[in-house]
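One file, target15.cif, is given below (mmCIF, C-alpha atoms and all ligand atoms).
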```cif
data_work
#
loop_
_atom_site.label_atom_id
_atom_site.label_comp_id
_atom_site.auth_asym_id
_atom_site.auth_seq_id
_atom_site.Cartn_x
_atom_site.Cartn_y
_atom_site.Cartn_z
CA MET K 1360 91.76 66.17 106.86
CA ALA K 1361 90.01 63.70 104.65
CA SER K 1362 87.53 62.92 107.41
CA GLU K 1363 86.10 66.42 107.09
CA MET K 1364 85.34 66.03 103.43
CA MET K 1365 81.84 66.25 102.18
CA GLY K 1366 80.90 63.82 99.44
CA PRO K 1367 82.60 64.82 96.22
CA PRO K 1368 80.07 66.68 94.11
CA GLU K 1369 79.77 65.80 90.45
CA GLU K 1370 81.95 67.70 88.07
CA LYS K 1371 80.01 70.38 86.33
CA GLY K 1372 79.56 70.61 82.62
CA PRO K 1373 80.40 73.34 80.15
CA GLN K 1374 78.97 75.94 82.53
CA GLU K 1375 81.97 75.40 84.73
CA ALA K 1376 84.37 75.85 81.87
CA GLY K 1377 82.69 79.17 81.22
CA ASP K 1378 82.98 80.13 84.87
CA ILE K 1379 86.65 79.27 84.89
CA ARG K 1380 87.26 81.37 81.86
CA ALA K 1381 85.37 84.30 83.31
CA ALA K 1382 87.20 84.12 86.60
CA ALA K 1383 90.47 83.52 84.84
CA ALA K 1384 90.11 86.55 82.64
CA ARG K 1385 90.77 88.69 85.70
CA GLU K 1386 94.24 87.39 86.17
CA ARG K 1387 95.10 85.74 82.91
CA GLU K 1388 96.89 88.60 81.19
CA GLY K 1389 100.56 87.86 81.06
CA ARG K 1390 100.16 84.76 83.16
CA GLU K 1391 99.51 82.38 80.29
CA ALA K 1392 102.78 83.10 78.58
CA ALA K 1393 104.62 82.35 81.77
CA ALA K 1394 102.68 79.23 82.61
CA THR K 1395 102.26 77.22 79.46
CA ASP K 1396 104.42 76.43 76.50
CA GLY K 1397 103.15 75.92 73.00
CA ALA K 1398 102.03 72.37 73.71
CA GLY K 1399 99.91 73.49 76.64
CA GLN K 1400 102.24 71.95 79.20
CA ALA K 1401 102.69 73.73 82.47
CA VAL K 1402 106.25 74.88 82.89
CA PRO K 1403 107.91 75.95 86.12
CA GLY K 1404 107.87 79.63 87.00
CA CYS K 1405 111.65 79.77 86.85
CA HIS K 1406 111.29 79.95 83.09
CA ALA K 1407 109.12 83.01 83.45
CA LEU K 1408 111.72 84.52 85.72
CA ALA K 1409 114.57 83.51 83.46
CA SER K 1410 112.93 84.95 80.38
CA SER K 1411 112.16 88.29 81.96
CA LEU K 1412 115.28 88.74 84.01
CA GLY K 1413 117.74 86.68 82.04
CA ALA K 1414 118.91 83.39 83.49
CA PRO K 1415 121.26 83.94 86.40
CA SER K 1416 124.76 83.26 85.10
CA ASP K 1417 125.87 81.13 88.01
CA GLY K 1418 122.49 79.83 89.04
CA GLY K 1419 121.81 77.38 86.24
CA GLU K 1420 118.42 75.70 85.86
CA SER K 1421 117.70 75.65 89.55
CA GLY K 1422 117.59 79.45 89.39
CA VAL K 1423 118.67 79.81 93.00
CA VAL K 1424 122.00 81.53 93.08
CA LYS K 1425 123.95 80.60 96.15
CA GLY K 1426 124.41 83.61 98.34
CA THR K 1427 122.01 85.78 96.34
CA PRO K 1428 118.67 86.21 98.05
CA VAL K 1429 115.64 85.09 96.06
CA ILE K 1430 114.05 88.36 97.05
CA ALA K 1431 115.39 91.31 98.98
CA VAL K 1432 114.40 94.85 99.88
CA GLN K 1433 116.63 97.73 100.92
CA ALA K 1434 115.73 100.91 102.75
CA ILE K 1435 112.03 100.65 101.96
CA THR K 1436 109.87 103.49 103.21
CA LYS K 1437 106.14 103.88 102.87
CA HIS K 1438 103.81 106.47 104.30
CA PHE K 1439 100.09 106.87 104.12
CA GLY K 1440 99.56 110.60 104.54
CA SER K 1441 101.16 111.42 107.86
CA VAL K 1442 101.36 107.75 108.95
CA GLN K 1443 104.89 106.43 108.44
CA ALA K 1444 104.15 102.71 107.96
CA LEU K 1445 107.69 101.63 106.97
CA ARG K 1446 110.87 103.51 107.90
CA GLY K 1447 113.81 102.09 105.99
CA VAL K 1448 113.23 98.33 105.99
CA ASP K 1449 115.89 95.85 104.83
CA LEU K 1450 114.94 92.20 104.36
CA GLU K 1451 116.42 89.22 102.53
CA ILE K 1452 114.86 85.84 101.84
CA HIS K 1453 117.04 82.99 100.60
CA GLY K 1454 116.08 79.77 98.83
CA GLY K 1455 114.45 77.18 101.07
CA GLU K 1456 114.21 79.56 104.02
CA VAL K 1457 111.12 80.00 106.13
CA VAL K 1458 111.27 83.55 107.45
CA GLY K 1459 108.79 84.68 110.08
CA LEU K 1460 107.68 88.30 109.97
CA VAL K 1461 106.21 89.36 113.28
CA GLY K 1462 105.20 92.56 114.99
CA ASP K 1463 102.34 94.19 116.81
CA ASN K 1464 99.22 95.33 114.96
CA GLY K 1465 100.14 98.33 112.84
CA ALA K 1466 103.86 97.50 112.83
CA GLY K 1467 103.87 97.48 109.02
CA LYS K 1468 103.84 93.75 108.18
CA SER K 1469 101.02 93.83 105.65
CA THR K 1470 102.37 97.02 104.09
CA LEU K 1471 105.72 95.27 103.53
CA VAL K 1472 104.04 92.18 102.05
CA ASN K 1473 101.93 94.37 99.79
CA ILE K 1474 105.06 96.10 98.53
CA LEU K 1475 106.80 92.76 97.92
CA SER K 1476 103.77 91.47 96.05
CA GLY K 1477 103.42 94.57 93.88
CA GLY K 1478 100.12 95.73 95.37
CA LEU K 1479 101.67 98.89 96.83
CA GLN K 1480 104.58 100.98 95.64
CA PRO K 1481 107.12 102.18 98.19
CA ASN K 1482 107.92 105.86 98.57
CA SER K 1483 111.61 105.03 98.46
CA GLY K 1484 113.92 102.03 98.60
CA SER K 1485 114.68 99.11 96.30
CA ILE K 1486 113.39 95.61 95.60
CA PHE K 1487 115.65 92.89 94.21
CA VAL K 1488 114.64 89.54 92.68
CA GLN K 1489 117.56 87.15 92.31
CA GLY K 1490 119.88 90.09 92.73
CA ARG K 1491 118.30 92.19 89.99
CA LYS K 1492 116.63 95.45 90.88
CA VAL K 1493 112.96 95.44 89.94
CA THR K 1494 109.96 97.72 90.25
CA PHE K 1495 106.41 96.48 90.31
CA SER K 1496 103.55 98.61 89.12
CA SER K 1497 101.02 95.86 89.83
CA SER K 1498 100.70 92.55 91.63
CA LEU K 1499 100.56 90.89 88.21
CA GLU K 1500 104.12 92.00 87.56
CA ALA K 1501 105.27 90.50 90.85
CA ARG K 1502 103.49 87.23 90.07
CA ARG K 1503 105.17 87.09 86.69
CA LEU K 1504 108.46 86.98 88.57
CA GLY K 1505 107.19 84.13 90.71
CA ILE K 1506 106.15 86.05 93.81
CA GLU K 1507 102.93 84.45 95.03
CA THR K 1508 100.92 85.76 97.92
CA VAL K 1509 98.47 83.79 100.01
CA TYR K 1510 96.13 86.10 101.89
CA GLN K 1511 93.85 85.24 104.73
CA ASP K 1512 90.82 85.36 102.46
CA LEU K 1513 92.63 82.91 100.13
CA SER K 1514 90.99 84.33 97.01
CA LEU K 1515 89.64 80.94 95.96
CA ALA K 1516 86.47 80.65 93.94
CA PRO K 1517 84.13 78.66 96.21
CA ASP K 1518 81.87 77.51 93.39
CA LEU K 1519 84.68 75.97 91.38
CA THR K 1520 86.31 72.60 91.94
CA VAL K 1521 89.69 72.17 93.53
CA TRP K 1522 91.35 71.53 90.19
CA ALA K 1523 89.62 74.49 88.57
CA ASN K 1524 90.94 76.72 91.34
CA ILE K 1525 94.44 75.43 90.85
CA PHE K 1526 94.21 76.13 87.12
CA LEU K 1527 92.57 79.54 87.39
CA GLY K 1528 94.23 81.66 84.77
CA ARG K 1529 96.29 78.95 83.13
CA GLU K 1530 93.71 76.57 81.69
CA LEU K 1531 94.94 73.82 79.44
CA LYS K 1532 93.29 73.73 76.04
CA VAL K 1533 92.59 70.38 74.40
CA LYS K 1534 95.07 69.39 71.73
CA GLY K 1535 94.12 68.84 68.11
CA PRO K 1536 91.51 70.58 65.94
CA LEU K 1537 89.13 71.37 68.82
CA ARG K 1538 91.80 73.58 70.35
CA VAL K 1539 90.68 76.48 68.18
CA PHE K 1540 87.31 76.43 69.96
CA GLY K 1541 89.08 76.93 73.26
CA TRP K 1542 87.91 73.59 74.64
CA LEU K 1543 89.46 72.96 78.00
CA ASP K 1544 91.26 69.73 78.74
CA ARG K 1545 89.51 69.05 82.02
CA LYS K 1546 90.90 65.56 82.46
CA ALA K 1547 94.46 66.75 82.05
CA MET K 1548 93.90 69.63 84.46
CA ALA K 1549 92.34 67.37 87.10
CA ALA K 1550 95.21 64.90 86.79
CA SER K 1551 97.82 67.63 86.93
CA ALA K 1552 96.12 69.29 89.92
CA GLU K 1553 96.17 65.96 91.71
CA ALA K 1554 99.89 65.62 91.00
CA ASP K 1555 100.53 69.18 92.21
CA LEU K 1556 98.76 68.52 95.49
CA GLU K 1557 100.47 65.17 95.83
CA ARG K 1558 103.83 66.87 95.48
CA THR K 1559 103.07 69.13 98.42
CA ARG K 1560 101.53 66.23 100.35
CA ILE K 1561 98.26 68.09 100.49
CA ARG K 1562 95.51 65.65 101.29
CA ILE K 1563 92.27 66.38 99.49
CA GLN K 1564 89.93 63.47 98.91
CA SER K 1565 88.95 64.53 95.42
CA VAL K 1566 90.15 67.34 93.18
CA SER K 1567 86.58 67.44 91.87
CA SER K 1568 85.25 68.72 95.20
CA LEU K 1569 83.99 72.28 95.25
CA ALA K 1570 86.45 74.56 97.02
CA GLY K 1571 83.61 76.11 99.01
CA ARG K 1572 82.87 72.76 100.65
CA LEU K 1573 86.35 72.33 102.06
CA SER K 1574 87.51 73.26 105.53
CA GLY K 1575 89.56 76.39 106.12
CA GLY K 1576 92.74 74.37 106.38
CA GLN K 1577 92.07 72.54 103.17
CA ARG K 1578 91.33 75.77 101.33
CA GLN K 1579 94.54 77.16 102.71
CA ALA K 1580 96.30 74.10 101.38
CA ILE K 1581 94.84 74.62 97.92
CA ALA K 1582 95.88 78.26 97.89
CA VAL K 1583 99.41 77.23 98.78
CA GLY K 1584 99.26 74.26 96.41
CA ARG K 1585 98.26 76.63 93.62
CA ALA K 1586 101.22 78.87 94.39
CA VAL K 1587 103.51 75.85 94.31
CA ALA K 1588 101.94 74.54 91.10
CA TRP K 1589 102.66 77.86 89.45
CA GLY K 1590 106.32 77.27 90.14
CA SER K 1591 106.64 80.22 92.49
CA ARG K 1592 109.97 81.72 93.46
CA VAL K 1593 108.75 82.75 96.86
CA ILE K 1594 105.47 82.51 98.74
CA LEU K 1595 104.31 85.33 100.98
CA MET K 1596 101.70 84.36 103.56
CA ASP K 1597 99.95 87.16 105.45
CA GLU K 1598 98.33 85.64 108.53
CA PRO K 1599 97.26 82.44 106.78
CA THR K 1600 96.23 80.76 110.00
CA ALA K 1601 94.38 83.66 111.64
CA ALA K 1602 90.92 82.25 110.96
CA LEU K 1603 91.79 78.60 111.55
CA GLY K 1604 91.37 76.22 114.46
CA VAL K 1605 94.34 74.76 116.28
CA GLU K 1606 94.49 71.54 114.29
CA GLN K 1607 94.14 73.35 110.97
CA GLN K 1608 96.89 75.74 111.99
CA GLU K 1609 99.14 72.74 112.50
CA ARG K 1610 98.26 71.46 109.03
CA VAL K 1611 99.24 74.78 107.50
CA GLY K 1612 102.44 74.52 109.50
CA GLU K 1613 103.20 71.14 107.97
CA LEU K 1614 102.45 72.58 104.57
CA VAL K 1615 104.87 75.46 105.10
CA SER K 1616 107.60 73.02 106.04
CA SER K 1617 107.00 70.75 103.07
CA VAL K 1618 106.94 73.65 100.61
CA ALA K 1619 110.20 75.00 102.02
CA ALA K 1620 111.67 71.51 101.79
CA HIS K 1621 111.04 71.77 98.03
CA GLY K 1622 113.31 74.82 98.02
CA VAL K 1623 110.60 77.48 97.74
CA PRO K 1624 111.18 80.07 100.47
CA ILE K 1625 108.30 81.42 102.49
CA LEU K 1626 107.70 84.67 104.29
CA LEU K 1627 105.20 83.83 107.01
CA ILE K 1628 103.30 86.43 109.00
CA SER K 1629 101.55 85.04 112.03
CA HIS K 1630 100.62 85.91 115.59
CA ASN K 1631 101.06 82.27 116.56
CA LEU K 1632 104.52 82.75 118.03
CA PRO K 1633 105.10 79.18 119.22
CA GLN K 1634 104.41 78.04 115.66
CA ILE K 1635 106.61 80.79 114.19
CA HIS K 1636 109.35 79.74 116.59
CA ARG K 1637 109.00 76.10 115.59
CA LEU K 1638 108.71 76.56 111.82
CA CYS K 1639 110.99 79.42 110.96
CA ASP K 1640 114.69 79.46 110.21
CA ARG K 1641 114.73 83.16 110.98
CA VAL K 1642 112.34 85.59 112.60
CA VAL K 1643 112.30 89.27 111.62
CA VAL K 1644 110.61 91.63 114.06
CA LEU K 1645 109.02 94.86 112.85
CA PHE K 1646 108.39 97.57 115.40
CA ARG K 1647 106.71 100.80 114.29
CA GLY K 1648 107.86 100.36 110.72
CA GLN K 1649 111.43 99.34 111.46
CA VAL K 1650 113.22 96.01 111.66
CA VAL K 1651 114.39 95.83 115.25
CA ALA K 1652 115.49 92.21 115.44
CA ASN K 1653 116.59 89.37 113.20
CA LEU K 1654 116.54 86.24 115.34
CA ARG K 1655 117.32 82.57 114.89
CA PRO K 1656 114.78 80.51 116.81
CA ALA K 1657 117.51 77.97 117.54
CA GLU K 1658 119.18 80.68 119.63
CA SER K 1659 116.17 82.64 120.91
CA GLU K 1660 113.18 81.69 123.03
CA VAL K 1661 109.62 82.79 122.28
CA ASP K 1662 109.86 85.21 125.21
CA GLU K 1663 112.69 87.04 123.53
CA ILE K 1664 110.65 87.42 120.34
CA VAL K 1665 107.79 88.80 122.42
CA SER K 1666 110.02 91.35 124.09
CA TRP K 1667 111.14 92.65 120.68
CA ILE K 1668 107.54 92.79 119.46
CA THR K 1669 106.39 94.84 122.45
CA GLY K 1670 109.44 97.07 122.33
CA ALA K 1671 110.54 95.98 125.82
CA ALA K 1672 113.84 94.61 124.48
CA LEU K 1673 114.42 97.89 122.68
CA GLY K 1674 113.84 99.88 125.87
CA ALA K 1675 116.11 97.56 127.85
CA ARG K 1676 118.86 97.98 125.28
CA ARG K 1677 118.52 101.76 125.21
CA SER K 1678 118.66 102.10 128.97
CA ALA K 1679 121.56 99.66 129.24
N1 LIG K 1701 95.81 101.97 103.05
C1 LIG K 1701 96.18 102.58 104.18
N2 LIG K 1701 95.84 103.86 104.42
C2 LIG K 1701 96.24 104.49 105.55
N3 LIG K 1701 96.97 103.92 106.51
C3 LIG K 1701 97.34 102.65 106.33
C4 LIG K 1701 96.97 101.90 105.17
N4 LIG K 1701 97.49 100.65 105.27
C5 LIG K 1701 98.14 100.61 106.44
N5 LIG K 1701 98.06 101.81 107.08
C6 LIG K 1701 98.68 102.14 108.35
O1 LIG K 1701 100.04 101.75 108.27
C7 LIG K 1701 100.47 101.17 109.48
C8 LIG K 1701 100.95 99.76 109.23
O2 LIG K 1701 99.85 98.95 108.91
P1 LIG K 1701 99.96 97.42 108.49
O3 LIG K 1701 101.05 97.27 107.51
O4 LIG K 1701 98.62 96.95 108.10
O5 LIG K 1701 100.40 96.76 109.86
P2 LIG K 1701 100.35 95.22 110.34
O6 LIG K 1701 100.06 94.37 109.17
O7 LIG K 1701 101.69 94.99 110.94
O8 LIG K 1701 99.27 95.15 111.37
C9 LIG K 1701 99.30 101.26 110.44
O9 LIG K 1701 99.42 102.45 111.19
C10 LIG K 1701 98.12 101.34 109.50
O10 LIG K 1701 97.05 102.01 110.11
MG MG K 1702 98.51 92.97 108.77
#
```
Render the structure in this file as C-alpha cells.
Amino acid sequence: MASEMMGPPEEKGPQEAGDIRAAAAREREGREAAATDGAGQAVPGCHALASSLGAPSDGGESGVVKGTPVIAVQAITKHFGSVQALRGVDLEIHGGEVVGLVGDNGAGKSTLVNILSGGLQPNSGSIFVQGRKVTFSSSLEARRLGIETVYQDLSLAPDLTVWANIFLGRELKVKGPLRVFGWLDRKAMAASAEADLERTRIRIQSVSSLAGRLSGGQRQAIAVGRAVAWGSRVILMDEPTAALGVEQQERVGELVSSVAAHGVPILLISHNLPQIHRLCDRVVVLFRGQVVANLRPAESEVDEIVSWITGAALGARRSA
C-alpha cells in the first residue's frame, strides 16, 4: 500500500481548520456529545449507546450481551410505490461476526442497509439494537447508536488530510484559554488518527496526506478506520470493493477481518463471492426481497451460494 503513496503534502494552515469545521457542521449535531467528553477526549461509542439505551444489565462495559444480537431486524417490509423491495426480512448480527449479504441486482440489499442505517424507514417491521426496539428517523440517529455505514463513494473529503477526515465532526479543541476561540488541537488529532489506523493495522504512510491522493483501497481503509475510531457498534459496508482492483479488494478483505477480530461485527455486501465465502462467518441470501438462505461458508460451497442467488436452489427445492 505504502508504495502507492504520493509524497505527503504539507499540512495546511488555518484554512484547513475552517474547511474541517464547515464540513463537520453537516454531521456534527448530536455527534459531539457522543464522541467527546468534557476534556475533549474521544470516548468509545459504547458510551453513546449506553447513555441513550441504558447500559445492558448483563453486558457490562463491553456492551456486547452474549446471545443478544448487536443489531437485528424482524419482518421488515419496504415498498417503493408498486415495487415491493423487502417482503418480511429477518436478520441478526452478533458481536464479532462478519455477515455477508448477497443477492442479485434489485434483490433489496441496499434497501435493507439503508433501513439499518436510518436513511430509509420501513413500511412495517422492527429494528433492535442490543435487544432494544428502536426507530430511526434519520441516519444521524442510527450513527448515534453506533451504526456506521461505509458506502462505495466513501464520503471522504478529498481535499482534507487523512487525520482531518477521521476527525470530521468530532474535532478536538485545544485545552486552556484558547479553547474558547474554538482552536483545534491538530497535533492531538493527527496523533490520535495515527493510533486509530494503527489499531486497525491500516497502513497509510502519513496521516497528513490528502485523502484525495490516496488509492481507492487506502480511502476505503480510512472510511473503515473512521468508523472504528468512532467506536462503532456495527459497520455496514455496501459494495465497498466494487470499484477496486483485485489487490485492493484483498486489502479491504484483510481490513474486514481485522475489524471483526476487534469484536465489531460487519455486514458486508459484495458481488465478490469467493471473497464473501472466505471472509464471512455467515452468508444471508436475499432473493426478490426475501431471505431465502442463511449459510455457513464452512458448510457450503460458493456454487451453493450462487444457486440461492439465482433462485435455482429455490426452484429445485420447490419441485423436490
Ligand atoms: N428509491 C427508490 N425508488 C424506487 N424504487 C427503488 C428505490 N430504491 C430501490 N428501489 C427498487 O427496490 C428494489 C431493490 O433495490 P435495491 O435495494 O437497490 O437492490 P440491491 O441493492 O440488492 O441491488 C429494486 O427493484 C429497486 O429498483
Ligand atoms: Mg445495492
Next on the checklist: For a cutoff of 12 Å around the file-coordinate point (104.2, 103.9, 103.7), which residues qualify once you count only C-alpha atoms? I'd like the result as a ChimeraX atom specification.
Outcome noted: /K:1434-1448,1465-1474,1479-1484,1647-1649
Checklist entry - Given the choices K:Ala1620, K:Val1644, K:Val1488, K:Ala1652, which gets closest to ligand LIG 1701 (chain K) if the distance is worked out from only C-alpha atoms and all ligand atoms? => result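 For ligand LIG 1701 (chain K), the nearest of the candidates is K:Val1644.
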Item to check | Length of the CA of Val1458 (chain K) to CA of Leu1627 (chain K) vector [Å] | outcome: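 Distance reported for this atom pair: 6.1 Å.
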Item to check | Given only C-alpha atoms and all ligand atoms as the counted atoms, nearest of K:Ile1594, K:Ile1625, K:Leu1519, K:Val1461 to ligand MG 1702 (chain K) | outcome: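 That would be K:Val1461, the residue with the smallest distance to ligand MG 1702 (chain K).
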Checklist entry - What does the distance from atom O6 of ligand LIG 1701 (chain K) to CA of Thr1427 (chain K) come to in Å, to one decimal? => result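 According to the coordinates, atom O6 of ligand LIG 1701 (chain K) and CA of Thr1427 (chain K) are separated by 26.8 Å.
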Checklist entry - Of the residues K:Val1429, K:Leu1556, K:Val1615, K:Leu1645, which is the one nearest to ligand MG 1702 (chain K), using all atoms listed in the file? => result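 Selected residue with least distance to ligand MG 1702 (chain K): K:Leu1645.
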Item to check | Residue nearest Leu1632 (chain K) - candidates K:Gln1433, K:Thr1600, K:Val1651, K:Ala1554, atoms counted: all atoms listed in the file | outcome: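 When distances to Leu1632 (chain K) are compared using all atoms listed in the file, the smallest one comes from K:Thr1600.
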Item to check | Using only C-alpha atoms: which of K:Ser1476, K:Leu1603, K:Glu1609, K:Val1521 has the shortest distance to Val1566 (chain K) | outcome: K:Val1521
Checklist entry - Using all atoms listed in the file, which residue out of K:Val1605, K:Leu1527, K:Met1596, K:Leu1614 lies closest to ligand LIG 1701 (chain K)? => result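 For ligand LIG 1701 (chain K), the nearest of the candidates is K:Met1596.
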Item to check | Radius query 9 Å about (105.9, 85.5, 112.9), atoms used: all atoms listed in the file, as a list in words | outcome: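 Residues close enough to count: Val1458, Gly1459, Leu1460, Val1461, Gly1462, Glu1598, Leu1626, Leu1627, Ile1628, Ser1629, His1630, Asn1631, Leu1632, Pro1633, Gln1634, Ile1635, His1636, Cys1639, Val1642, Val1643 and Val1644 of chain K.
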Checklist entry - Expressed in Å to a single decimal, how great is the separation between CA of Trp1589 (chain K) and CA of Ala1549 (chain K)? => result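 Pair CA of Trp1589 (chain K) / CA of Ala1549 (chain K) returns 14.9 Å.
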Next on the checklist: For Arg1641 (chain K), find every residue with an atom within 8 Å (counting all atoms listed in the file), except residues of its own chain fewer than 6 positions away, and show them as number ranges by chain.
Outcome noted: K: 1456-1459, 1653-1656
